[in-house]
Amino acid sequence: MTVRVRFAPSPTGYLHIGAARSALFNWLYARKLGGKFLLRIEDTDLQRSTDESTRSIIEGLKWLGLDYDEEIVFQSANAPKHRAAANQLVEAGKAYRDFTPKQERDDATIKQGIAERARAHAAEGTDHRSNSFRDLDPAESERRAEAGERFAVRLKVPREGKTHFDDLVYGAQERSYSEIEDLVLLRSDGHPLYNLSVVIDDIEMEITHVIRGQDHVTNTHKQILLYEALGTPTPKFAHLPLILAPNKGKLSKRKHGEVVSLTTYRDRGFVPAAFRNFLALLGWSPSETKEIMTLEELTGEFSLEGIGRANAIFNFLENDPRHWTDDKALWMNAEYIRTMPIDELLPMVKAELRANRLWRDEYEEDDRDWLIRTLDLIRQRFHTLKDFSAQGRAYFSDDFDFEPAAVNKNLRKEPRLRELLPAFADRLAKLDSFTAETVEATLRAFAEEQGVKAGLLINGSRTMLTGQAVGPSMFEVFDILGQKRSVARLHSGVPWFDAMNALGDI
RNA sequence: GGCGCAUUGGUGUAGUCGGCUAACACGCUGCCCUCUCAAGGCAGAGAUCACGGGUUCGAGUCCCGUAUGCGCUACCA
């Protein structure tokens with residue numbers, strides 16, 4: 001039997017990184033075993049579901065490189081089947097009509113409401129499953145329904161016994177029936193509810209393995225009850241540890257903002273492969289110690305046995321731009337940027353430069369070699385794709401900013417630079433062969449002649465040519481920027497210096 | 001309140017049948033390299049494996065208890 005797994009998000013917001021990891025694990029499992037990876041949008045909650053969210057999920061999967069097989073299943077389209085299944089269970093005596101009027105619940109206080117209700121039940125000594133309609137005579141039930149009385153459909157959970165399943169991650173699990181309420185299958189307005197829909201759809205889609213977050217374990221017990229009532233074999237289950245916030249709390253969009261949204265990583269310059277790699281290591285570890293892995297390696301190495309059972313903390317510092325997301329994710333992205341094949345990096349950089357109007361068509365043809373050399377030089381110290389248009393701007397445009405700190409450190413400290421730099425520029429202008437080697441020889445000779453340290457001219461040049469205090473080896477930068485631009489930028493210092501001096505200390 | 005799950009350095013994890021002087025990665029510190037910053041190389045700090053009992057010659061690894069955290073407990077998904 002071929003493996004069939006699914007990723008079943010509800011489109012009620014942007015794709016959460018925890019959900020993205022579930023998708024990744026499902027995908028890896030399917031690909032590893034030559035099975036199918038299916039996508040099902042659980043849009044049964046019409047109030048909260050949006051098309052925009054559905055699009056965001058699909059885009060997110062695409063960005064991560066997780067392709068799905070077969071058509072997307074929209075759960076709402078299957079509502080008639082879900083209703084039919086519930087009715088069939090009523091007829092079979094496995095479920096019953098509950099004519100209790102619907103209680104309106106305040107969504108915000110629902111959690112404490114549950115606890116209070118549980119306490120009250122315990123105090124009264126009542127079984128939380130006790131429902132007067134559970135044993136209502138079928139004929140009577142039928143009659144009241146025909147008369148148009150509103151009712152919900154609840155599963156009749158057996159009085160004695162327990163459900164059990166072997167979780168592929170957590171091992172043997174069991175739960176006494178007495179802990180499970182007669183769950184509602186159909187609302188009194190006929191709307192099918194989550195647990196019913198999931199089971200019916202999973203059966204219909206012939207899902208063999210359900211791999212989802214650990215927050216679903218209790219649902220799994222309820223769903224098993226449904227499978228049994230329906231007389232259908234259960235799929236295998238594997239629950240995944242959760243991804244928590246640094247305070248060990250739930251990682252939510254509302255509380256933690258954009259760090260939890262997958263699209264953030266795309267928008268802030270992550271290489272998809274890097275983020276995917278990072279995500280794979282959250283809760284799962286390969287048998288080898290190697291952590292940087294291609295998709296193929298990930299697929300080959302992946303196994304459910306490698307998944308841990310403890311929740312993982314997604315480590316980041318709010319309000320700290322340097323650590324806005326997990327350090328390891330940032331490191332991994334930098335690692336990918338500086339080591340991935342330049343051909344693969346190129347399209348991503350192109351998109352980034354284009355978005356910032358720094359892209360020129362010549363980069364595609366005549367200047368392609370120059371572009372590749374430049375990228376190879378500057379990518380060594382970049383962390384995200386954004387850096388190519390920000391820190392890297394001076395390589396693609398003459399219109400770039402000077403960092404005040406760099407100006408103070410490398411230019412203002414030594415007044416002689418106002419004359420030295422242009423004089424050095426004149427030397428460079430005379431060079432017949434302008435390469436890293438000839439520039440270096442020229443600079444060192446000039447420094448000695450003027451009785452200054454080479455470093456003074458090097459650092460001053462760096463700031464004049466790039467606006468920054470840090471960057472690649474300066475002679476390589478001269479080489480990349482070329483003779484004309486280098487000379488011009490060094491000369492541009494004179495009026496600039498005068499303006500600075502007029503302004504006084506910063 | 002009830003039920004379930006988890007607990008190895010700051011974080012992610014490894015640790016098969018009990019032999020650990022507890023391993024790897026990120027992060028951190030220092031040094032080297034050097035025109036700066038990275039990268040790289042080297043060195044290092046950081047964990048009495050939540051706590052308390054027990055079994056055993058020997059426990060991170062097995063058993064019991066406690067604590068803490070998380071999850072679920074809805075006519076939400």
# chains A, B, ... in the order shown; residues from 1 in each chain; ligands from 1
call {"tool": "closest_atom_pairs", "arguments": {"of": "chain A", "to": "chain B", "cutoff": "6 Å", "atoms": "only C-alpha atoms (C1' of nucleotides)", "output": "Markdown table"}}
result
| residue | atom | partner | partner_atom | distance |
| --- | --- | --- | --- | --- |
| A:Ala118 | CA | B:G1 | C1' | 5.9 |
| A:Arg119 | CA | B:G1 | C1' | 4.6 |
| A:Arg187 | CA | B:C75 | C1' | 4.4 |
| A:Asp215 | CA | B:G71 | C1' | 5.3 |
| A:Thr218 | CA | B:C72 | C1' | 5.8 |
| A:Ala310 | CA | B:A6 | C1' | 5.2 |
| A:Lys328 | CA | B:C26 | C1' | 4.8 |
| A:Arg381 | CA | B:A38 | C1' | 4.9 |
| A:Gly455 | CA | B:C35 | C1' | 4.9 |
| A:Ile458 | CA | B:C35 | C1' | 5.4 |
| A:Val470 | CA | B:C37 | C1' | 4.6 |
| A:Gly471 | CA | B:C37 | C1' | 5.8 |
call {"tool": "write_last_selection", "arguments": {"atoms": "C-alpha atoms", "output": "short mmCIF file (atom, residue, chain, number, x, y, z; two decimals), in the first residue's frame"}}
result
data_model
loop_
_atom_site.label_atom_id
_atom_site.label_comp_id
_atom_site.auth_asym_id
_atom_site.auth_seq_id
_atom_site.Cartn_x
_atom_site.Cartn_y
_atom_site.Cartn_z
CA ALA A 118 -15.59 20.70 34.75
CA ARG A 119 -15.32 21.76 38.37
CA ARG A 187 -24.32 21.56 14.85
CA ASP A 215 -2.05 19.48 20.21
CA THR A 218 -6.99 14.21 22.29
CA ALA A 310 9.87 17.44 23.80
CA LYS A 328 20.62 29.51 14.08
CA ARG A 381 29.60 38.54 4.78
CA GLY A 455 45.70 51.34 6.47
CA ILE A 458 42.73 51.76 2.67
CA VAL A 470 33.51 47.29 6.76
CA GLY A 471 33.55 45.22 3.63
#
call {"tool": "select_by_dssp", "arguments": {"residues": "stretch 282-376 of chain A", "states": "strand (DSSP E or B)", "output": "list in words"}}
result
Trp284, Ile307, Ala312 and Ile313 of chain A
call {"tool": "write_last_selection", "arguments": {"atoms": "C-alpha atoms", "output": "CSV table (one decimal), in the first residue's frame"}}
result
chain,number,residue,atom,x,y,z
A,284,TRP,CA,13.9,16.2,14.2
A,307,ILE,CA,11.5,13.0,15.8
A,312,ALA,CA,11.1,22.9,20.9
A,313,ILE,CA,11.7,26.6,21.7
call {"tool": "select_by_dssp", "arguments": {"residues": "stretch 278-418 of chain A", "states": "helix (DSSP H, G or I)", "output": "ChimeraX atom specification"}}
result
/A:278-280,295-301,304-306,321-323,327-339,342-355,361-364,368-381,386-389,393-396,404-412,417-418
call {"tool": "write_last_selection", "arguments": {"atoms": "C-alpha atoms", "output": "CSV table (one decimal), in the first residue's frame"}}
result
chain,number,residue,atom,x,y,z
A,278,PHE,CA,16.4,25.1,9.7
A,279,LEU,CA,12.8,24.1,10.1
A,280,ALA,CA,13.6,20.4,9.5
A,295,LEU,CA,16.4,18.6,0.1
A,296,GLU,CA,17.5,15.3,-1.3
A,297,GLU,CA,19.7,14.6,1.7
A,298,LEU,CA,16.8,15.6,4.0
A,299,THR,CA,14.5,13.3,2.2
A,300,GLY,CA,16.9,10.5,2.3
A,301,GLU,CA,17.6,10.9,6.0
A,304,LEU,CA,9.7,9.4,12.1
A,305,GLU,CA,12.0,7.7,14.6
A,306,GLY,CA,14.3,10.8,14.4
A,321,PRO,CA,16.9,43.7,15.2
A,322,ARG,CA,20.0,41.6,15.4
A,323,HIS,CA,18.2,38.6,16.8
A,327,ASP,CA,20.1,32.9,15.7
A,328,LYS,CA,20.6,29.5,14.1
A,329,ALA,CA,18.2,30.3,11.3
A,330,LEU,CA,20.1,33.5,10.6
A,331,TRP,CA,23.4,31.7,10.6
A,332,MET,CA,22.0,29.0,8.3
A,333,ASN,CA,20.8,31.6,5.9
A,334,ALA,CA,24.2,33.3,5.8
A,335,GLU,CA,25.8,29.9,5.3
A,336,TYR,CA,23.6,29.2,2.4
A,337,ILE,CA,24.1,32.6,0.9
A,338,ARG,CA,27.9,32.3,0.9
A,339,THR,CA,28.2,28.7,-0.1
A,342,ILE,CA,26.1,31.1,-7.5
A,343,ASP,CA,23.8,30.1,-10.3
A,344,GLU,CA,21.1,29.3,-7.8
A,345,LEU,CA,21.7,32.5,-5.9
A,346,LEU,CA,21.6,34.7,-8.9
A,347,PRO,CA,17.8,34.7,-9.5
A,348,MET,CA,17.2,35.5,-5.9
A,349,VAL,CA,19.6,38.4,-6.0
A,350,LYS,CA,18.1,39.5,-9.3
A,351,ALA,CA,14.7,39.8,-7.7
A,352,GLU,CA,16.1,41.7,-4.8
A,353,LEU,CA,18.0,44.2,-6.9
A,354,ARG,CA,15.1,44.6,-9.2
A,355,ALA,CA,12.7,45.4,-6.4
A,361,ASP,CA,19.7,44.3,-18.2
A,362,GLU,CA,23.4,44.2,-19.0
A,363,TYR,CA,23.9,42.0,-16.0
A,364,GLU,CA,22.1,39.3,-18.0
A,368,ARG,CA,27.2,38.8,-16.3
A,369,ASP,CA,30.8,37.9,-15.4
A,370,TRP,CA,31.2,41.1,-13.5
A,371,LEU,CA,28.0,40.5,-11.6
A,372,ILE,CA,29.0,37.0,-10.7
A,373,ARG,CA,32.4,38.1,-9.5
A,374,THR,CA,30.8,40.9,-7.5
A,375,LEU,CA,28.3,38.7,-5.9
A,376,ASP,CA,30.9,36.2,-5.0
A,377,LEU,CA,32.9,38.9,-3.3
A,378,ILE,CA,30.2,40.5,-1.3
A,379,ARG,CA,28.1,37.5,-0.4
A,380,GLN,CA,30.8,36.3,2.0
A,381,ARG,CA,29.6,38.5,4.8
A,386,LYS,CA,18.2,42.1,1.6
A,387,ASP,CA,21.9,42.8,2.2
A,388,PHE,CA,22.5,42.8,-1.5
A,389,SER,CA,20.4,45.9,-2.0
A,393,ARG,CA,24.1,49.1,-2.8
A,394,ALA,CA,27.3,50.9,-3.6
A,395,TYR,CA,28.3,48.1,-6.0
A,396,PHE,CA,25.3,48.6,-8.1
A,404,PRO,CA,28.0,58.3,10.0
A,405,ALA,CA,30.1,56.0,12.1
A,406,ALA,CA,32.2,55.0,9.1
A,407,VAL,CA,32.8,58.6,8.2
A,408,ASN,CA,33.8,59.5,11.7
A,409,LYS,CA,36.2,56.6,12.0
A,410,ASN,CA,37.8,56.5,8.6
A,411,LEU,CA,37.6,60.0,7.3
A,412,ARG,CA,37.2,62.8,9.8
A,417,LEU,CA,42.8,62.7,3.9
A,418,ARG,CA,41.0,65.7,2.2
call {"tool": "residues_around", "arguments": {"residues": "A:Thr12", "least_positions_apart": "6", "cutoff": "9 Å", "atoms": "only C-alpha atoms (C1' of nucleotides)", "output": "PyMOL selection string"}}
result
chain A and resi 43+45+48-50+53-54
call {"tool": "write_last_selection", "arguments": {"atoms": "C-alpha atoms", "output": "PDB file, in the first residue's frame"}}
result
ATOM      1  CA  ASP A  43     -12.277  25.894   5.516  1.00  0.00           C
ATOM      2  CA  ASP A  45     -15.309  27.666   9.649  1.00  0.00           C
ATOM      3  CA  ARG A  48     -12.855  32.884   9.862  1.00  0.00           C
ATOM      4  CA  SER A  49     -11.640  31.408   6.589  1.00  0.00           C
ATOM      5  CA  THR A  50     -10.397  33.721   3.870  1.00  0.00           C
ATOM      6  CA  SER A  53      -5.171  33.059   3.659  1.00  0.00           C
ATOM      7  CA  THR A  54      -5.590  30.104   1.304  1.00  0.00           C
TER       8      THR A  54
END
call {"tool": "atom_distance", "arguments": {"atom1": "atom CA of A:Gly451", "atom2": "atom C1' of B:C33"}}
result
25.8 Å
call {"tool": "decode", "arguments": {"residues": "stretch 29-72 of chain B", "atoms": "N, CA and C atoms (P, O5', C5', C4', C3', O3' and C1' of nucleotides)", "output": "compact mmCIF listing (two decimals), in the first residue's frame"}}
result
# COMPACT_ATOMS: atom_id res chain seq x y z
P U B 29 31.29 37.68 22.66
O5' U B 29 32.47 37.06 23.54
C5' U B 29 32.55 37.33 24.93
C4' U B 29 33.77 36.64 25.50
C3' U B 29 35.05 36.86 24.71
O3' U B 29 35.66 38.10 25.02
C1' U B 29 34.83 34.57 25.25
P G B 30 36.51 38.86 23.89
O5' G B 30 37.85 37.98 23.84
C5' G B 30 38.74 37.99 24.95
C4' G B 30 39.81 36.96 24.74
C3' G B 30 40.61 37.09 23.45
O3' G B 30 41.62 38.06 23.55
C1' G B 30 40.02 34.83 23.79
P C B 31 42.17 38.80 22.23
O5' C B 31 43.07 37.66 21.57
C5' C B 31 44.27 37.22 22.22
C4' C B 31 44.83 36.02 21.48
C3' C B 31 45.13 36.24 20.00
O3' C B 31 46.39 36.86 19.81
C1' C B 31 43.97 34.20 20.28
P C B 32 46.63 37.73 18.48
O5' C B 32 46.71 36.60 17.36
C5' C B 32 47.77 35.64 17.38
C4' C B 32 47.58 34.67 16.25
C3' C B 32 47.47 35.29 14.86
O3' C B 32 48.76 35.55 14.33
C1' C B 32 45.78 33.65 15.14
P C B 33 48.98 36.89 13.42
O5' C B 33 48.10 36.59 12.13
C5' C B 33 48.47 35.55 11.22
C4' C B 33 47.38 35.39 10.18
C3' C B 33 47.02 36.66 9.44
O3' C B 33 47.87 36.84 8.32
C1' C B 33 45.04 35.58 10.18
P U B 34 48.86 38.12 8.26
O5' U B 34 47.88 39.33 7.98
C5' U B 34 47.19 39.42 6.73
C4' U B 34 46.03 40.33 6.88
C3' U B 34 46.35 41.75 7.36
O3' U B 34 46.74 42.58 6.28
C1' U B 34 44.52 40.87 8.60
P C B 35 47.39 44.03 6.59
O5' C B 35 46.12 44.92 6.95
C5' C B 35 46.28 46.26 7.36
C4' C B 35 44.98 46.98 7.12
C3' C B 35 43.76 46.17 7.51
O3' C B 35 43.47 46.40 8.89
C1' C B 35 43.47 47.08 5.34
P U B 36 42.87 45.25 9.76
O5' U B 36 41.34 45.65 9.84
C5' U B 36 40.93 46.88 10.46
C4' U B 36 39.49 47.15 10.11
C3' U B 36 38.54 46.01 10.44
O3' U B 36 38.13 46.10 11.80
C1' U B 36 38.12 46.80 8.25
P C B 37 37.93 44.78 12.64
O5' C B 37 36.59 44.19 12.03
C5' C B 37 35.37 44.94 12.13
C4' C B 37 34.34 44.30 11.24
C3' C B 37 34.19 42.79 11.41
O3' C B 37 33.38 42.49 12.52
C1' C B 37 34.24 43.34 9.11
P A B 38 33.36 41.04 13.13
O5' A B 38 32.53 40.26 12.02
C5' A B 38 32.81 38.92 11.74
C4' A B 38 32.19 38.57 10.41
C3' A B 38 32.45 37.16 9.96
O3' A B 38 31.47 36.29 10.50
C1' A B 38 33.04 38.62 8.22
P A B 39 31.91 34.92 11.17
O5' A B 39 32.50 34.12 9.92
C5' A B 39 31.66 33.76 8.83
C4' A B 39 32.51 33.23 7.70
C3' A B 39 33.46 32.10 8.09
O3' A B 39 32.82 30.84 8.05
C1' A B 39 34.65 33.75 6.90
P G B 40 33.16 29.77 9.15
O5' G B 40 34.71 29.48 8.91
C5' G B 40 35.14 28.85 7.71
C4' G B 40 36.65 28.83 7.67
C3' G B 40 37.32 28.24 8.91
O3' G B 40 37.36 26.83 8.87
C1' G B 40 38.37 30.27 8.35
P G B 41 37.32 25.99 10.23
O5' G B 41 38.78 26.24 10.82
C5' G B 41 39.93 25.77 10.11
C4' G B 41 41.17 26.16 10.84
C3' G B 41 41.15 25.84 12.33
O3' G B 41 41.50 24.49 12.59
C1' G B 41 41.90 28.06 12.02
P C B 42 40.85 23.73 13.84
O5' C B 42 41.61 24.41 15.07
C5' C B 42 43.01 24.27 15.20
C4' C B 42 43.51 25.15 16.31
C3' C B 42 42.83 24.96 17.66
O3' C B 42 43.33 23.84 18.36
C1' C B 42 43.03 27.26 17.20
P A B 43 42.36 23.06 19.38
O5' A B 43 42.25 24.11 20.58
C5' A B 43 43.39 24.38 21.39
C4' A B 43 43.09 25.53 22.31
C3' A B 43 41.93 25.33 23.28
O3' A B 43 42.31 24.57 24.41
C1' A B 43 41.80 27.49 22.32
P G B 44 41.17 23.73 25.18
O5' G B 44 40.19 24.83 25.78
C5' G B 44 40.66 25.70 26.79
C4' G B 44 39.64 26.79 27.04
C3' G B 44 38.29 26.37 27.61
O3' G B 44 38.39 26.10 29.00
C1' G B 44 38.02 28.11 26.01
P A B 45 37.25 25.28 29.74
O5' A B 45 36.14 26.38 30.02
C5' A B 45 36.44 27.49 30.89
C4' A B 45 35.27 28.44 30.87
C3' A B 45 33.93 27.80 31.19
O3' A B 45 33.74 27.71 32.60
C1' A B 45 33.71 29.15 29.27
P G B 46 33.08 26.44 33.22
O5' G B 46 31.60 26.54 32.64
C5' G B 46 30.76 27.63 32.99
C4' G B 46 29.53 27.60 32.13
C3' G B 46 28.80 26.27 32.16
O3' G B 46 27.92 26.23 33.27
C1' G B 46 29.04 27.01 29.92
P A B 47 27.81 24.93 34.14
O5' A B 47 26.97 23.96 33.23
C5' A B 47 25.54 24.10 33.16
C4' A B 47 24.95 22.74 33.17
C3' A B 47 25.61 21.76 34.14
O3' A B 47 25.29 22.04 35.50
C1' A B 47 25.10 20.70 32.05
P U B 48 24.49 21.53 36.56
O5' U B 48 25.28 20.16 36.75
C5' U B 48 24.59 18.95 36.62
C4' U B 48 25.40 17.89 37.28
C3' U B 48 24.53 16.86 37.98
O3' U B 48 24.16 15.88 37.03
C1' U B 48 26.24 17.57 39.44
P C B 49 22.69 15.57 36.88
O5' C B 49 22.25 16.61 35.74
C5' C B 49 20.88 16.95 35.46
C4' C B 49 20.60 16.61 34.03
C3' C B 49 19.52 15.53 33.85
O3' C B 49 18.38 16.16 33.25
C1' C B 49 21.48 15.13 32.50
P A B 50 16.99 15.93 33.89
O5' A B 50 16.82 16.98 35.06
C5' A B 50 17.16 18.35 34.87
C4' A B 50 16.46 19.15 35.95
C3' A B 50 16.44 18.46 37.30
O3' A B 50 17.61 18.79 38.02
C1' A B 50 14.26 19.15 36.73
P C B 51 18.35 17.64 38.91
O5' C B 51 17.44 17.56 40.20
C5' C B 51 17.24 18.72 41.01
C4' C B 51 16.14 18.44 42.00
C3' C B 51 16.29 17.13 42.77
O3' C B 51 17.16 17.28 43.87
C1' C B 51 14.08 17.31 41.96
P G B 52 18.03 16.04 44.37
O5' G B 52 16.90 15.12 45.02
C5' G B 52 16.18 15.61 46.15
C4' G B 52 15.19 14.56 46.59
C3' G B 52 15.73 13.15 46.66
O3' G B 52 16.48 12.95 47.84
C1' G B 52 13.62 13.12 45.60
P G B 53 17.40 11.64 47.97
O5' G B 53 16.27 10.59 48.33
C5' G B 53 16.56 9.23 48.20
C4' G B 53 15.28 8.45 48.16
C3' G B 53 15.46 7.05 47.65
O3' G B 53 15.88 6.21 48.71
C1' G B 53 13.73 8.05 46.42
P G B 54 17.23 5.36 48.49
O5' G B 54 16.67 4.18 47.59
C5' G B 54 15.54 3.43 48.05
C4' G B 54 14.90 2.70 46.90
C3' G B 54 15.80 1.72 46.17
O3' G B 54 15.93 0.50 46.89
C1' G B 54 14.54 2.96 44.61
P U B 55 17.29 -0.31 46.82
O5' U B 55 17.20 -0.95 45.37
C5' U B 55 16.18 -1.89 45.08
C4' U B 55 16.30 -2.33 43.63
C3' U B 55 17.71 -2.75 43.22
O3' U B 55 17.98 -4.10 43.58
C1' U B 55 16.80 -1.29 41.59
P U B 56 19.33 -4.42 44.37
O5' U B 56 20.44 -4.16 43.26
C5' U B 56 20.45 -4.95 42.07
C4' U B 56 21.44 -4.36 41.09
C3' U B 56 22.83 -4.12 41.66
O3' U B 56 23.61 -5.31 41.66
C1' U B 56 22.12 -2.23 40.39
P C B 57 24.56 -5.54 42.92
O5' C B 57 25.77 -4.54 42.69
C5' C B 57 26.65 -4.23 43.76
C4' C B 57 27.78 -3.37 43.25
C3' C B 57 27.36 -2.14 42.48
O3' C B 57 27.07 -1.07 43.35
C1' C B 57 29.04 -3.27 41.27
P G B 58 25.78 -0.15 43.09
O5' G B 58 26.17 0.56 41.73
C5' G B 58 27.18 1.58 41.72
C4' G B 58 27.52 1.95 40.31
C3' G B 58 26.35 2.49 39.49
O3' G B 58 26.18 3.88 39.73
C1' G B 58 27.52 0.88 38.22
P A B 59 24.74 4.54 39.67
O5' A B 59 24.38 4.42 38.11
C5' A B 59 24.98 5.28 37.11
C4' A B 59 23.87 5.90 36.30
C3' A B 59 22.99 6.78 37.16
O3' A B 59 23.27 8.18 37.05
C1' A B 59 21.69 5.14 35.95
P G B 60 23.83 8.93 35.80
O5' G B 60 22.51 9.38 35.04
C5' G B 60 22.16 10.74 34.93
C4' G B 60 21.09 10.94 33.90
C3' G B 60 20.33 9.68 33.50
O3' G B 60 19.18 9.57 34.33
C1' G B 60 21.16 10.73 31.56
P U B 61 18.26 8.27 34.24
O5' U B 61 17.89 8.15 32.72
C5' U B 61 17.04 7.13 32.22
C4' U B 61 17.66 6.49 30.99
C3' U B 61 17.53 4.97 30.97
O3' U B 61 16.57 4.59 29.99
C1' U B 61 19.73 5.72 30.33
P C B 62 15.01 4.83 30.41
O5' C B 62 14.79 3.61 31.42
C5' C B 62 14.63 2.29 30.93
C4' C B 62 14.32 1.37 32.08
C3' C B 62 13.32 1.93 33.07
O3' C B 62 11.99 1.71 32.64
C1' C B 62 15.18 1.08 34.24
P C B 63 10.82 2.74 33.12
O5' C B 63 10.62 2.32 34.64
C5' C B 63 10.06 1.06 34.98
C4' C B 63 9.85 0.99 36.47
C3' C B 63 9.10 2.19 37.05
O3' C B 63 7.70 2.04 36.92
C1' C B 63 11.02 1.76 38.35
P C B 64 6.78 3.35 36.87
O5' C B 64 6.79 3.85 38.37
C5' C B 64 6.15 3.10 39.38
C4' C B 64 6.39 3.76 40.72
C3' C B 64 5.98 5.23 40.80
O3' C B 64 4.60 5.39 41.01
C1' C B 64 8.12 4.96 41.77
P G B 65 3.88 6.73 40.50
O5' G B 65 4.40 7.84 41.51
C5' G B 65 3.97 7.80 42.88
C4' G B 65 4.79 8.80 43.67
C3' G B 65 4.65 10.26 43.25
O3' G B 65 3.51 10.86 43.81
C1' G B 65 6.94 9.73 43.57
P U B 66 2.86 12.14 43.10
O5' U B 66 3.95 13.27 43.36
C5' U B 66 4.13 13.82 44.66
C4' U B 66 5.22 14.86 44.63
C3' U B 66 5.01 16.02 43.67
O3' U B 66 4.17 17.02 44.22
C1' U B 66 7.21 15.21 43.44
P A B 67 3.36 18.01 43.27
O5' A B 67 4.51 18.90 42.65
C5' A B 67 5.24 19.81 43.49
C4' A B 67 6.36 20.43 42.68
C3' A B 67 5.92 21.16 41.42
O3' A B 67 5.51 22.48 41.72
C1' A B 67 7.73 19.74 40.90
P U B 68 4.38 23.18 40.87
O5' U B 68 5.15 23.51 39.52
C5' U B 68 6.23 24.45 39.51
C4' U B 68 6.97 24.35 38.20
C3' U B 68 6.11 24.51 36.96
O3' U B 68 5.86 25.87 36.65
C1' U B 68 7.53 22.65 36.68
P G B 69 4.50 26.27 35.92
O5' G B 69 4.82 25.82 34.43
C5' G B 69 5.90 26.45 33.72
C4' G B 69 6.14 25.68 32.44
C3' G B 69 4.92 25.51 31.56
O3' G B 69 4.68 26.68 30.78
C1' G B 69 6.06 23.47 31.73
P C B 70 3.16 27.03 30.37
O5' C B 70 2.91 25.95 29.23
C5' C B 70 3.68 25.98 28.03
C4' C B 70 3.43 24.72 27.25
C3' C B 70 1.98 24.44 26.90
O3' C B 70 1.54 25.20 25.80
C1' C B 70 2.97 22.46 27.69
P G B 71 -0.01 25.59 25.67
O5' G B 71 -0.65 24.20 25.23
C5' G B 71 -0.25 23.62 23.99
C4' G B 71 -0.87 22.25 23.89
C3' G B 71 -2.37 22.19 24.04
O3' G B 71 -3.01 22.54 22.83
C1' G B 71 -1.40 20.49 25.33
P C B 72 -4.40 23.31 22.90
O5' C B 72 -5.40 22.14 23.32
C5' C B 72 -5.61 21.06 22.44
C4' C B 72 -6.36 19.98 23.17
C3' C B 72 -7.69 20.40 23.79
O3' C B 72 -8.73 20.40 22.82
C1' C B 72 -6.48 19.12 25.35
